[in-house]
Structures are given as C-alpha cells and as structure tokens.
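Visitor: This is the content of work-v7.txt (compact mmCIF, C-alpha atoms and all ligand atoms):
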```
# COMPACT_ATOMS: atom_id res chain seq x y z
CA MET P 84 229.21 81.11 105.23
CA GLN P 85 232.78 82.11 104.38
CA VAL P 86 235.57 79.53 103.79
CA LYS P 87 239.21 79.59 102.73
CA LEU P 88 239.94 76.91 100.13
CA THR P 89 243.21 75.06 100.68
CA ASP P 90 243.49 71.99 98.38
CA PHE P 91 241.95 70.00 95.58
CA SER P 92 240.19 66.70 96.27
CA PRO P 93 241.13 63.85 93.88
CA ASP P 94 237.97 64.51 91.83
CA GLY P 95 239.04 68.13 91.22
CA ARG P 96 236.76 69.97 93.65
CA ALA P 97 238.38 72.60 95.85
CA VAL P 98 238.44 71.73 99.54
CA GLY P 99 238.30 73.90 102.66
CA ARG P 100 237.14 73.67 106.27
CA THR P 101 234.30 75.47 108.00
CA SER P 102 234.99 77.28 111.30
CA ASP P 103 233.72 74.17 113.17
CA GLY P 104 236.18 71.89 111.35
CA LYS P 105 233.84 70.30 108.79
CA VAL P 106 235.44 69.48 105.42
CA VAL P 107 233.70 71.27 102.57
CA PHE P 108 233.95 70.35 98.88
CA VAL P 109 233.46 73.29 96.55
CA PRO P 110 233.19 72.75 92.77
CA GLY P 111 234.45 75.73 90.80
CA GLY P 112 236.83 76.88 93.56
CA ILE P 113 240.63 77.19 93.51
CA PRO P 114 242.97 76.62 96.49
CA GLY P 115 243.92 79.96 98.08
CA GLU P 116 240.55 81.56 97.41
CA VAL P 117 238.22 82.90 100.06
CA VAL P 118 234.64 82.21 99.01
CA HIS P 119 231.12 82.64 100.30
CA ILE P 120 229.24 79.34 100.01
CA THR P 121 225.80 77.77 100.42
CA PRO P 122 225.69 74.10 101.51
CA VAL P 123 224.16 71.76 98.94
CA LYS P 124 224.59 68.44 100.76
CA GLN P 125 225.32 68.01 104.48
CA LYS P 126 226.88 64.94 106.15
CA LYS P 127 228.29 64.50 109.65
CA SER P 128 231.93 65.28 108.85
CA TRP P 129 231.71 66.90 105.43
CA MET P 130 229.47 68.83 103.12
CA SER P 131 229.44 69.96 99.51
CA ALA P 132 228.59 73.54 98.69
CA LYS P 133 228.18 75.99 95.86
CA ILE P 134 229.97 79.31 95.55
CA ASP P 135 227.79 82.42 95.95
CA ALA P 136 230.61 84.97 95.82
CA ILE P 137 234.40 84.95 95.56
CA HIS P 138 235.84 87.42 98.11
CA GLU P 139 239.52 86.74 97.35
CA PRO P 140 239.96 85.24 93.86
CA SER P 141 243.05 83.24 92.89
CA SER P 142 245.48 84.84 90.42
CA SER P 143 245.04 81.58 88.44
CA ARG P 144 241.31 82.18 87.91
CA ILE P 145 240.34 82.81 84.28
CA SER P 146 237.02 83.25 82.43
CA PRO P 147 235.66 79.79 81.54
CA ILE P 148 235.78 79.08 77.81
CA CYS P 149 232.20 77.80 77.83
CA ASN P 150 229.39 77.08 80.29
CA PRO P 151 231.06 76.47 83.69
CA GLU P 152 228.04 74.41 84.78
CA CYS P 153 228.85 71.72 82.21
CA GLY P 154 229.94 68.49 83.91
CA GLY P 155 232.42 67.74 81.11
CA CYS P 156 235.27 70.10 82.07
CA SER P 157 235.28 71.15 85.70
CA TRP P 158 238.65 72.99 85.56
CA GLN P 159 237.99 75.44 82.75
CA HIS P 160 238.07 78.35 85.24
CA ILE P 161 241.77 77.64 86.03
CA ASP P 162 244.70 78.80 83.90
CA TYR P 163 246.53 75.97 82.18
CA ASP P 164 249.87 76.21 84.04
CA TYR P 165 248.11 75.97 87.38
CA GLN P 166 246.03 73.02 86.13
CA LEU P 167 249.23 71.16 85.27
CA VAL P 168 250.96 71.98 88.59
CA SER P 169 247.81 70.86 90.42
CA LYS P 170 247.75 67.53 88.56
CA VAL P 171 251.37 66.91 89.59
CA GLY P 172 250.28 67.76 93.16
CA LEU P 173 247.36 65.29 93.01
CA LEU P 174 249.62 62.50 91.70
CA LEU P 175 252.41 63.08 94.25
CA HIS P 176 249.91 63.41 97.09
CA SER P 177 248.26 60.08 96.17
CA LEU P 178 251.66 58.36 96.06
CA ARG P 179 253.11 60.17 99.12
CA GLU P 180 253.59 56.99 101.14
CA LEU P 181 255.47 55.31 98.29
CA ASN P 182 258.34 57.80 98.00
CA PRO P 183 257.64 58.68 94.38
CA PRO P 184 260.77 59.55 92.36
CA VAL P 185 261.17 62.71 90.29
CA ILE P 186 258.55 62.54 87.57
CA SER P 187 258.46 63.50 83.93
CA VAL P 188 255.49 65.65 82.97
CA SER P 189 254.12 66.08 79.47
CA ARG P 190 251.44 68.29 78.14
CA ALA P 191 249.67 66.15 75.59
CA ALA P 192 246.88 68.04 73.89
CA GLU P 193 248.23 70.56 71.41
CA ALA P 194 245.63 73.11 72.44
CA ALA P 195 243.30 73.44 75.41
CA VAL P 196 240.32 73.32 73.03
CA ALA P 197 239.23 70.97 70.22
CA TRP P 198 241.31 68.03 71.50
CA ARG P 199 238.66 65.43 72.34
CA ARG P 200 238.11 62.73 69.67
CA ARG P 201 235.76 60.49 71.65
CA VAL P 202 232.52 61.48 73.40
CA ARG P 203 229.47 60.09 75.12
CA TRP P 204 226.53 62.46 74.96
CA HIS P 205 223.08 62.23 76.51
CA VAL P 206 220.00 63.19 74.51
CA PHE P 207 216.89 64.42 76.27
CA GLY P 208 214.46 67.35 76.11
CA GLY P 209 215.62 68.18 72.59
CA ARG P 210 219.22 68.66 73.76
CA VAL P 211 222.43 66.77 73.03
CA GLY P 212 225.46 67.00 75.30
CA ASN P 213 227.04 66.34 78.69
CA ARG P 214 225.09 66.42 81.91
CA LYS P 215 225.56 69.55 84.00
CA GLY P 216 227.81 68.82 87.02
CA ARG P 217 226.09 66.45 89.50
CA SER P 218 222.71 66.92 87.77
CA HIS P 219 220.50 65.18 85.20
CA GLU P 220 220.04 68.37 83.20
CA ILE P 221 221.79 68.42 79.84
CA GLU P 222 224.14 71.21 78.76
CA GLY P 223 223.19 71.46 75.11
CA GLY P 224 225.77 73.97 73.82
CA VAL P 225 228.30 72.70 71.28
CA CYS P 226 231.32 71.38 73.21
CA VAL P 227 234.46 73.35 72.30
CA GLN P 228 236.70 70.63 73.76
CA THR P 229 235.73 68.24 70.96
CA GLU P 230 237.44 68.08 67.60
CA PRO P 231 235.65 70.17 64.91
CA PRO P 232 234.00 67.15 63.16
CA LEU P 233 232.41 66.16 66.50
CA GLN P 234 231.29 69.75 67.09
CA LYS P 235 229.50 69.58 63.71
CA LEU P 236 227.98 66.20 64.64
CA GLN P 237 226.66 67.60 67.93
CA ALA P 238 225.11 70.58 66.13
CA GLU P 239 223.49 68.32 63.50
CA LEU P 240 222.19 65.86 66.11
CA THR P 241 220.72 68.77 68.04
CA ARG P 242 218.99 69.97 64.88
CA LEU P 243 217.52 66.47 64.36
CA VAL P 244 216.19 66.07 67.91
CA ALA P 245 215.33 69.71 68.76
CA SER P 246 211.67 69.30 67.84
CA ARG P 247 211.46 65.75 69.23
CA GLY P 248 211.75 66.52 72.96
CA THR P 249 210.67 63.04 74.07
CA ILE P 250 213.65 61.27 72.46
CA LYS P 251 215.88 59.86 75.16
CA MET P 252 219.10 58.11 74.16
CA ASP P 253 222.85 58.01 74.68
CA VAL P 254 225.24 58.68 71.82
CA SER P 255 228.86 57.49 71.79
CA ALA P 256 231.07 58.74 68.97
CA VAL P 257 234.72 58.44 67.99
CA ARG P 258 236.48 60.29 65.18
CA GLY P 259 238.72 58.03 63.10
CA ALA P 260 240.53 58.28 59.76
CA GLU P 261 237.40 57.34 57.73
CA GLY P 262 235.05 59.63 59.67
CA ILE P 263 232.98 59.33 62.83
CA HIS P 264 231.67 56.05 64.20
CA VAL P 265 228.47 56.40 66.26
CA VAL P 266 226.80 53.98 68.66
CA ILE P 267 223.25 54.73 69.84
CA GLU P 268 221.71 53.29 73.01
CA GLY P 269 218.01 53.81 73.70
CA LYS P 270 214.81 53.88 71.69
CA ILE P 271 215.20 55.36 68.24
CA SER P 272 213.11 55.17 65.04
CA ASN P 273 214.59 53.70 61.85
CA ARG P 274 214.09 57.09 60.26
CA LEU P 275 216.14 58.96 62.86
CA LEU P 276 218.84 56.27 62.67
CA ARG P 277 219.02 56.72 58.90
CA ASP P 278 219.11 60.53 59.26
CA ILE P 279 222.04 60.23 61.69
CA SER P 280 223.92 57.92 59.31
CA ARG P 281 223.54 60.59 56.61
CA ILE P 282 225.10 63.41 58.63
CA GLN P 283 228.19 64.65 56.84
CA GLY P 284 231.33 63.09 58.33
CA VAL P 285 229.58 60.04 59.82
CA ALA P 286 231.23 56.79 58.64
CA GLY P 287 228.88 54.38 60.39
CA VAL P 288 226.10 54.09 62.98
CA GLN P 289 225.27 51.14 65.17
CA HIS P 290 222.12 50.56 67.19
CA GLY P 291 221.99 47.12 68.81
CA GLU P 292 222.51 44.61 66.01
CA LYS P 293 221.69 47.16 63.31
CA VAL P 294 224.66 48.74 61.49
CA LEU P 295 224.41 51.45 58.81
CA GLY P 296 227.76 52.05 57.06
CA ALA P 297 231.11 51.22 58.70
CA LYS P 298 231.29 48.92 61.74
CA SER P 299 234.47 50.61 62.97
CA VAL P 300 236.99 53.32 62.09
CA THR P 301 240.80 53.50 62.23
CA ILE P 302 242.59 55.49 64.94
CA ASP P 303 246.27 55.94 65.80
CA ASP P 304 247.48 54.58 62.43
CA ASP P 305 246.18 51.01 62.58
CA CYS P 306 243.79 50.38 65.49
CA GLN P 307 240.21 49.51 64.55
CA ILE P 308 237.63 50.90 66.92
CA SER P 309 233.88 51.12 67.32
CA ALA P 310 232.44 53.98 69.39
CA SER P 311 231.60 51.46 72.12
CA ASN P 312 235.28 50.42 72.56
CA PHE P 313 237.83 52.15 74.77
CA ALA P 314 240.22 54.70 73.25
CA GLN P 315 242.20 57.51 74.83
CA ALA P 316 240.24 60.75 74.58
CA SER P 317 242.83 62.56 72.46
CA THR P 318 245.14 61.55 69.61
CA ALA P 319 248.04 63.65 70.94
CA GLY P 320 247.53 62.26 74.46
CA ASN P 321 247.65 58.69 73.21
CA ARG P 322 250.84 59.45 71.26
CA LYS P 323 252.52 60.67 74.48
CA ILE P 324 251.35 57.63 76.46
CA ARG P 325 252.76 55.37 73.74
CA GLU P 326 256.07 57.27 73.86
CA GLN P 327 256.32 56.62 77.60
CA VAL P 328 255.34 52.95 77.22
CA THR P 329 257.92 52.57 74.43
CA LEU P 330 260.60 54.12 76.65
CA ALA P 331 259.80 51.64 79.44
CA ALA P 332 259.50 48.69 77.03
CA SER P 333 262.95 49.48 75.61
CA ARG P 334 264.37 49.15 79.15
CA LEU P 335 262.71 45.71 79.39
CA ALA P 336 263.66 44.56 75.88
CA GLY P 337 263.98 40.85 75.15
CA GLU P 338 261.60 39.65 77.86
CA GLU P 339 258.31 37.77 77.64
CA MET P 340 255.52 40.15 78.60
CA LEU P 341 251.99 39.64 79.88
CA GLU P 342 249.76 42.61 79.08
CA LEU P 343 246.51 42.78 81.06
CA PHE P 344 243.69 45.15 80.00
CA CYS P 345 245.09 45.32 76.44
CA GLY P 346 241.96 46.70 74.73
CA ASN P 347 242.36 46.62 70.96
CA GLY P 348 246.18 46.42 71.04
CA ASN P 349 246.96 50.14 71.30
CA LEU P 350 249.97 49.55 73.58
CA THR P 351 250.54 45.91 72.58
CA ARG P 352 252.17 46.99 69.31
CA ASP P 353 254.78 49.08 71.19
CA LEU P 354 255.44 46.31 73.70
CA ALA P 355 255.73 43.70 70.93
CA ALA P 356 258.35 45.83 69.14
CA HIS P 357 260.71 45.28 72.12
CA ALA P 358 259.54 42.06 73.80
CA GLU P 359 260.53 38.48 73.11
CA SER P 360 256.77 37.75 73.01
CA VAL P 361 253.53 39.27 74.32
CA ILE P 362 250.36 37.64 75.65
CA ALA P 363 247.61 40.27 75.60
CA VAL P 364 244.50 39.78 77.79
CA ASP P 365 241.18 41.65 77.86
CA THR P 366 237.54 40.78 78.43
CA SER P 367 236.78 42.47 75.11
CA PRO P 368 240.00 42.65 73.07
CA GLY P 369 238.57 43.76 69.70
CA ARG P 370 240.57 43.41 66.49
CA HIS P 371 244.31 43.66 67.17
CA PRO P 372 246.72 45.21 64.63
CA GLY P 373 249.42 42.48 65.06
CA ASP P 374 249.78 38.72 65.39
CA TRP P 375 250.77 38.35 69.06
CA LYS P 376 248.72 36.04 71.27
CA VAL P 377 245.40 37.61 72.30
CA VAL P 378 243.37 36.00 75.10
CA THR P 379 239.77 36.89 75.88
CA ALA P 380 239.56 36.57 79.66
CA ASP P 381 239.00 38.37 82.91
CA ALA P 382 242.42 39.67 84.03
CA ALA P 383 242.08 38.46 87.64
CA ALA P 384 240.99 34.97 86.55
CA TYR P 385 243.91 34.84 84.09
CA VAL P 386 246.62 35.69 86.64
CA GLU P 387 245.11 33.27 89.13
CA SER P 388 245.45 30.32 86.76
CA HIS P 389 248.53 31.02 84.58
CA LYS P 390 252.30 31.16 84.89
CA ILE P 391 253.39 34.81 85.14
CA PRO P 392 256.42 36.05 83.18
CA LYS P 393 259.03 38.47 84.58
CA VAL P 394 257.33 41.50 83.01
CA VAL P 395 253.64 42.38 83.41
CA VAL P 396 251.88 45.41 81.91
CA LEU P 397 248.62 46.76 83.38
CA ASP P 398 246.31 49.42 81.92
CA PRO P 399 243.06 48.97 83.90
CA PRO P 400 239.95 51.16 83.92
CA ARG P 401 239.56 53.87 86.60
CA ILE P 402 238.67 51.32 89.31
CA GLY P 403 242.18 49.91 89.03
CA ALA P 404 243.20 46.27 89.40
CA LYS P 405 242.73 45.38 93.07
CA GLU P 406 242.15 41.65 92.64
CA VAL P 407 244.84 41.30 89.98
CA CYS P 408 247.44 43.06 92.15
CA SER P 409 246.54 41.05 95.26
CA THR P 410 247.12 37.86 93.27
CA LEU P 411 250.27 39.16 91.57
CA ALA P 412 251.80 40.01 94.96
CA ASP P 413 252.66 36.31 95.43
CA LYS P 414 253.81 35.66 91.86
CA PRO P 415 257.43 35.84 90.63
CA TRP P 416 257.28 38.99 88.44
CA GLU P 417 260.29 41.35 88.35
CA ARG P 418 258.95 44.49 86.67
CA ILE P 419 255.44 45.87 86.26
CA LEU P 420 254.58 48.66 83.88
CA TYR P 421 251.38 50.27 85.13
CA VAL P 422 249.41 52.76 83.00
CA SER P 423 246.78 54.45 85.16
CA CYS P 424 244.04 57.04 84.81
CA ASP P 425 243.43 57.30 88.56
CA PRO P 426 246.24 58.09 91.01
CA MET P 427 244.25 56.83 94.02
CA THR P 428 243.77 53.32 92.63
CA LEU P 429 247.36 53.39 91.32
CA ALA P 430 248.64 54.05 94.86
CA ARG P 431 246.43 51.32 96.32
CA ASP P 432 247.55 48.78 93.70
CA ILE P 433 251.29 49.54 94.06
CA THR P 434 250.90 48.97 97.81
CA LEU P 435 249.06 45.69 97.21
CA LEU P 436 251.82 44.54 94.85
CA GLY P 437 254.52 45.28 97.42
CA ALA P 438 256.27 47.35 94.75
CA GLU P 439 258.32 50.53 94.59
CA ILE P 440 258.39 53.07 91.79
CA GLU P 441 261.44 53.11 89.55
CA TYR P 442 260.18 55.64 87.02
CA LEU P 443 257.05 57.82 86.93
CA SER P 444 255.56 59.98 84.26
CA LEU P 445 252.43 62.17 84.15
CA ILE P 446 250.75 62.84 80.83
CA ASP P 447 248.11 65.53 80.78
CA THR P 448 245.73 63.92 78.33
CA MET P 449 242.66 65.98 79.29
CA PRO P 450 243.08 69.76 79.66
CA ASN P 451 240.39 71.68 81.56
CA THR P 452 239.55 68.59 83.60
CA PRO P 453 241.26 67.14 86.71
CA HIS P 454 242.01 63.94 84.77
CA PHE P 455 245.41 62.72 83.56
CA GLU P 456 247.32 59.49 82.87
CA SER P 457 250.35 58.16 84.72
CA VAL P 458 252.88 55.62 83.51
CA ALA P 459 254.79 53.94 86.34
CA LEU P 460 257.57 51.39 86.05
CA LEU P 461 257.63 49.27 89.21
CA ARG P 462 260.01 46.80 90.80
CA ARG P 463 259.67 44.66 93.90
CA ARG P 464 260.20 46.59 97.09
CA THR P 465 263.54 45.64 98.60
C1 LIG F 1 241.86 51.79 80.11
S1 LIG F 1 241.37 50.59 78.92
C2 LIG F 1 242.94 50.20 78.23
C3 LIG F 1 242.92 49.66 76.84
C4 LIG F 1 244.24 49.65 76.07
N1 LIG F 1 245.38 49.32 76.88
C5 LIG F 1 244.47 50.97 75.36
O1 LIG F 1 245.55 51.58 75.52
O2 LIG F 1 243.58 51.40 74.57
C6 LIG F 1 240.92 49.27 79.94
C7 LIG F 1 240.59 47.96 79.25
O3 LIG F 1 240.30 47.01 80.28
C8 LIG F 1 239.35 46.10 79.81
N2 LIG F 1 238.78 45.45 81.00
C9 LIG F 1 237.90 45.97 81.90
N3 LIG F 1 237.69 45.11 82.89
C10 LIG F 1 238.46 44.01 82.64
C11 LIG F 1 238.68 42.79 83.33
N4 LIG F 1 238.06 42.51 84.47
N5 LIG F 1 239.54 41.90 82.79
C12 LIG F 1 240.17 42.16 81.62
N6 LIG F 1 240.00 43.31 80.92
C13 LIG F 1 239.15 44.22 81.42
C14 LIG F 1 238.40 46.93 78.97
O4 LIG F 1 237.76 46.12 78.01
C15 LIG F 1 239.39 47.95 78.33
O5 LIG F 1 239.80 47.50 77.07
```
What does the file become when written as structure tokens?
Ligand SMILES: C[S@@+](CC[C@H](N)C(=O)[O-])C[C@H]1O[C@@H](n2cnc3c(N)ncnc32)[C@H](O)[C@@H]1O
Guide:
Amino acid sequence: MQVKLTDFSPDGRAVGRTSDGKVVFVPGGIPGEVVHITPVKQKKSWMSAKIDAIHEPSSSRISPICNPECGGCSWQHIDYDYQLVSKVGLLLHSLRELNPPVISVSRAAEAAVAWRRRVRWHVFGGRVGNRKGRSHEIEGGVCVQTEPPLQKLQAELTRLVASRGTIKMDVSAVRGAEGIHVVIEGKISNRLLRDISRIQGVAGVQHGEKVLGAKSVTIDDDCQISASNFAQASTAGNRKIREQVTLAASRLAGEEMLELFCGNGNLTRDLAAHAESVIAVDTSPGRHPGDWKVVTADAAAYVESHKIPKVVVLDPPRIGAKEVCSTLADKPWERILYVSCDPMTLARDITLLGAEIEYLSLIDTMPNTPHFESVALLRRRT
C-alpha cells in the first residue's frame, strides 16, 4: 500500500492517510515522503505500519548513525535542522489553542552524539542495551548517544553477561564528577555485582539495600544523585534549562515561591537566588544543595491543603500535573513557571489552570529523538 506522509504525531512517528481515510502511523518516515507500507497493527480508524520502500524520500533524510531499529533514538534518520524545526512544530501545534507567543529555541547538546549522561538499559539474552522500537528484543550495540564513559560501561557489562544468557536485569546508570553510579534491578549474583563495581569508571553500585562504593555522585556542580533519581539526560541540556529558569526567576525576583516536583534541588538553587523564599516539594526530594525548606509530599495533596504564594513553579514528569493544575485553578497565584517534557500535557495543564503564556522557550535536550523540554511563564488569562 502506498501512502504520502504529511505530519509527525506527538510521539515522533510520521503520519499519513490511506486512500480510504484511515490514519496511519509510520515509524522511520518523514513528512513529505511517499512510502510503501505494510500494516503492523490495525484498528477501526487508524493503523500502524512499517516502511517497505521509500518511493519519494525527503531531502532531510540522512543515513542513521547507528541501528535504526533501536528504540532509543527514533529520529536518527532525520537531519538535525529538520529535527529542530519539527520540534518547534510539535510544540506550537500542541499549544495552538492557547495563542502561543514567539518562542526562543535553543540547541542544547553540543553534538548530536555522545551527549547522554543517564541511561536505563535492559539485560537479557547476553545483551545490554535499549529495547528495539515497540519490541522486547534488545539492541545490544554500544549506544553512540551516550557519553564515552557510559559507552565503555555498556561494552564491559556486555562482556560480563555475554556468556550468561539467562541473566535478566535492568541497569540504570548516571555519569557524575566522581564516576558512574549504577543501580541494578533484578536477580544478580554477589560475584557479578562485585565484578560490575570493579569496572573502570564505576564509582558505586546499588542492588536493593546492598551498596558497593559510592551511594551517589555529583552532577551539575553540586547536586547529589543516585542512578535511580531523576536527572536531565544531558549536562548541556540541563544548563540551558537552568538558564531559562534563571531568566524567568529574575523577572519574578523578591517573591515567595512554591516549587512542586523539585527533585534534588536542580532548579531550586536558581529560584532561591532570586526569590524571597522557596518551599520545594517532591515525593522523593533527595539531598538538596541549599538550605531552603524541602517538603516530602505528593504535589496535589500539598496544594490542596496549603496556602499558595503568588509564584508557583512546576516541573512534573511526562504525565504532567492534571490534579495539581485543577486545584491551582481556584487558588490566588499570579505567575506559574512550568517546565515540561511533554507539550501535550503542558497544553492540557495550561488550559486547566485558566492561564495564558507570557513567555515560551524550547530547549532541544535530546537530539535524534522527538523529545525536548519547554519552559513556559504563565499568567492568569484575562
Ligand atoms: C521531571 S522531574 C523534575 C525534577 C527537578 N525539578 C529537576 O530539575 O531535576 C519530576 C520530579 O517529580 C517528582 N514527582 C513525581 N510524582 C510526584 C508527585 N505526585 N508529587 C510530587 N513529586 C512528584 C519525581 O520524584 C521527580 O523528582
């Protein structure tokens, strides 16, 4: 079946329509291309399909830098400029009903390879790596998106498990100033755990309650992090997000701020440099690098039961902050600074808040993927 691809869906798959009007999602495609496809999954109004042949390729199509089947980077077949333009398109399309203002766009990773400092790999069948797109099979080649120390770790882990095909576990790792911190989930022998802790560049390994070496490492100057905590995927990307947050915080200087979803204080330090005071809330706040007030609580429960200051900062996970924003809609805030990794949930939450966008910025934190961060400064809709 032949289809012309016209758009990207929010998850980065190309989208077209069959001759009978059915929407078709095509991983590996680029808008503008005419492709021959085979359906993989059929529903009443849509289907997903794989490309058999590209009849009219896009001028933005490039050779993928590694295995295009890998589920880690689904946009590696697209040249970087077109990736960035497409991310702007995805953000503006998601916010189209909110009249988004002109946005600032920054390219965050210094290079399109070797930028990722934090990974979660699966181990099975003697392989270590990401799952192939929409499959349980593991792509075991060394990931060129990761920083060189993590590439070495992946190669060493593969060497350790290659002859032990029955080992099944998940490996989270983050590269900090002292080396790599690793967290293992799954069944593992004491011997393998010790061997992993001895890999060159590994600062510490944790498996359940057991810790060999460091419990955490330092990232972004003074944040302590274990591989099971959240951190932005790239150092340069986080720097750009912090620049945008600092810019917004300087506009809101002198106010009390409530920061929800604060993690280990990554943004709190920039807010605290401008705010009168900051209360920072997270279900799992970790060790913060400053002495502002940190509250361990569910964000929705907190806003339900506390007085809300004029300025609120949100940095929720991909699912957004639906309950929090519904509750905040009736509270007397004046400005909200929203850091988001998903433009769809950002649009939903701004609508729930009854807010309009005063300033918007897109930071491309993850090249070769459809993912990016947005920083939006909001005020009440007039
Ligand atoms: C995207 S991270 C942001 C962390 C931090 N702002 C940063 O820049 O590193 C989202 C944070 O939300 C926290 N979180 C997830 N669900 C939560 C909830 N229901 N209430 C409060 N915090 C939550 C997680 O622990 C995580 O630290």
Visitor: Please compute the atom CA of Glu326 of chain P-atom CA of Val458 of chain P distance, one decimal, in Å.
Guide: 10.3 Å
Visitor: Extending 4 Å beyond the listed atoms of segment 96-107 of chain P on each side, what axis-aligned box results? I want centre and edge lengths in Å to one decimal, as JSON.
Guide:
```
{"center_x": 236.1, "center_y": 73.4, "center_z": 103.4, "size_x": 12.7, "size_y": 15.8, "size_z": 27.5}
```
Visitor: Between atom CA of Val361 of chain P and atom CA of Pro392 of chain P, what is the spacing in Å?
Guide: 9.9 Å
Visitor: Using all atoms listed in the file, find all polymer residues with an atom at most 8 Å away from the point (238.8, 60.3, 60.8); report them as an MDAnalysis selection string.
Guide: chainID P and resid 258:263 300:302
Visitor: At what distance in Å, to one decimal, does atom CA of Val196 of chain P lie from atom CA of Gln228 of chain P?
Guide: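 According to the coordinates, atom CA of Gln228 of chain P and atom CA of Val196 of chain P are separated by 4.6 Å.
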Visitor: Identify which of the residues P:Ser255, P:Thr351, P:Asn182, P:Ser146 lies closest to ligand LIG 1 (chain F), counting all atoms listed in the file when measuring atom-to-atom distances.
Guide: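 For ligand LIG 1 (chain F), the nearest of the candidates is P:Thr351.
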Visitor: Please write as a PDB file with C-alpha atoms, in the frame of the given file the list of polymer residues whose atoms come within 12 Å of (257.0, 56.8, 97.5), counting all atoms listed in the file and keeping to the coordinates of the file.
Guide:
```
ATOM      1  CA  LEU P 174     249.620  62.500  91.700  1.00  0.00           C
ATOM      2  CA  LEU P 175     252.410  63.080  94.250  1.00  0.00           C
ATOM      3  CA  HIS P 176     249.910  63.410  97.090  1.00  0.00           C
ATOM      4  CA  SER P 177     248.260  60.080  96.170  1.00  0.00           C
ATOM      5  CA  LEU P 178     251.660  58.360  96.060  1.00  0.00           C
ATOM      6  CA  ARG P 179     253.110  60.170  99.120  1.00  0.00           C
ATOM      7  CA  GLU P 180     253.590  56.990 101.140  1.00  0.00           C
ATOM      8  CA  LEU P 181     255.470  55.310  98.290  1.00  0.00           C
ATOM      9  CA  ASN P 182     258.340  57.800  98.000  1.00  0.00           C
ATOM     10  CA  PRO P 183     257.640  58.680  94.380  1.00  0.00           C
ATOM     11  CA  PRO P 184     260.770  59.550  92.360  1.00  0.00           C
ATOM     12  CA  VAL P 185     261.170  62.710  90.290  1.00  0.00           C
ATOM     13  CA  ILE P 186     258.550  62.540  87.570  1.00  0.00           C
ATOM     14  CA  LEU P 429     247.360  53.390  91.320  1.00  0.00           C
ATOM     15  CA  ALA P 430     248.640  54.050  94.860  1.00  0.00           C
ATOM     16  CA  ARG P 431     246.430  51.320  96.320  1.00  0.00           C
ATOM     17  CA  ILE P 433     251.290  49.540  94.060  1.00  0.00           C
ATOM     18  CA  THR P 434     250.900  48.970  97.810  1.00  0.00           C
ATOM     19  CA  GLY P 437     254.520  45.280  97.420  1.00  0.00           C
ATOM     20  CA  ALA P 438     256.270  47.350  94.750  1.00  0.00           C
ATOM     21  CA  GLU P 439     258.320  50.530  94.590  1.00  0.00           C
ATOM     22  CA  ILE P 440     258.390  53.070  91.790  1.00  0.00           C
ATOM     23  CA  GLU P 441     261.440  53.110  89.550  1.00  0.00           C
ATOM     24  CA  TYR P 442     260.180  55.640  87.020  1.00  0.00           C
ATOM     25  CA  LEU P 443     257.050  57.820  86.930  1.00  0.00           C
ATOM     26  CA  ALA P 459     254.790  53.940  86.340  1.00  0.00           C
ATOM     27  CA  LEU P 461     257.630  49.270  89.210  1.00  0.00           C
ATOM     28  CA  ARG P 464     260.200  46.590  97.090  1.00  0.00           C
TER      29      ARG P 464
END
```
Visitor: Compare P:Glu239, P:Asp253, P:Asp164, P:Asp381 by their minimum atom-to-atom distance to ligand LIG 1 (chain F), counting only C-alpha atoms and all ligand atoms, and give me the closest one.
Guide: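 Comparing P:Glu239, P:Asp253, P:Asp164, P:Asp381 against ligand LIG 1 (chain F), the winner is P:Asp381.
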Visitor: Find the residues near ligand LIG 1 (chain F). Use a cut-off of 7 Å, count all atoms listed in the file, and write them as a VMD selection string.
Guide: chain P and resid 313 to 315 343 to 350 364 to 368 380 to 383 398 to 400
Visitor: Would you save the residues of that selection, restricted to C-alpha atoms, as a PDB file, in the frame of the given file?
Guide:
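New file part.pdb:
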```
ATOM      1  CA  PHE P 313     237.830  52.150  74.770  1.00  0.00           C
ATOM      2  CA  ALA P 314     240.220  54.700  73.250  1.00  0.00           C
ATOM      3  CA  GLN P 315     242.200  57.510  74.830  1.00  0.00           C
ATOM      4  CA  LEU P 343     246.510  42.780  81.060  1.00  0.00           C
ATOM      5  CA  PHE P 344     243.690  45.150  80.000  1.00  0.00           C
ATOM      6  CA  CYS P 345     245.090  45.320  76.440  1.00  0.00           C
ATOM      7  CA  GLY P 346     241.960  46.700  74.730  1.00  0.00           C
ATOM      8  CA  ASN P 347     242.360  46.620  70.960  1.00  0.00           C
ATOM      9  CA  GLY P 348     246.180  46.420  71.040  1.00  0.00           C
ATOM     10  CA  ASN P 349     246.960  50.140  71.300  1.00  0.00           C
ATOM     11  CA  LEU P 350     249.970  49.550  73.580  1.00  0.00           C
ATOM     12  CA  VAL P 364     244.500  39.780  77.790  1.00  0.00           C
ATOM     13  CA  ASP P 365     241.180  41.650  77.860  1.00  0.00           C
ATOM     14  CA  THR P 366     237.540  40.780  78.430  1.00  0.00           C
ATOM     15  CA  SER P 367     236.780  42.470  75.110  1.00  0.00           C
ATOM     16  CA  PRO P 368     240.000  42.650  73.070  1.00  0.00           C
ATOM     17  CA  ALA P 380     239.560  36.570  79.660  1.00  0.00           C
ATOM     18  CA  ASP P 381     239.000  38.370  82.910  1.00  0.00           C
ATOM     19  CA  ALA P 382     242.420  39.670  84.030  1.00  0.00           C
ATOM     20  CA  ALA P 383     242.080  38.460  87.640  1.00  0.00           C
ATOM     21  CA  ASP P 398     246.310  49.420  81.920  1.00  0.00           C
ATOM     22  CA  PRO P 399     243.060  48.970  83.900  1.00  0.00           C
ATOM     23  CA  PRO P 400     239.950  51.160  83.920  1.00  0.00           C
TER      24      PRO P 400
END
```
Visitor: Here is a test: counting all atoms listed in the file, which residue of P:Lys170, P:Leu295, P:Tyr165, P:Gly403 is nearest to Leu275 of chain P?
Guide: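 Closest to Leu275 of chain P, using all atoms listed in the file: P:Leu295.
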Visitor: Excluding segment 131-133 of chain P and its own-chain neighbours fewer than 3 positions away, which residues fall within 6 Å of it when counting all atoms listed in the file? Please give them as a list in words.
Guide: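 Surrounding residues, per the criterion: Val107, Phe108, Val109, Ile120, Thr121, Pro122, Val123 and Lys124 of chain P.
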Visitor: Of the candidates P:Gly104, P:Gly154, P:Pro415, P:Gly115, which shows the shortest atom-to-atom distance to Pro453 of chain P, using all atoms listed in the file?
Guide: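 Among the listed residues, the smallest separation from Pro453 of chain P belongs to P:Gly154.
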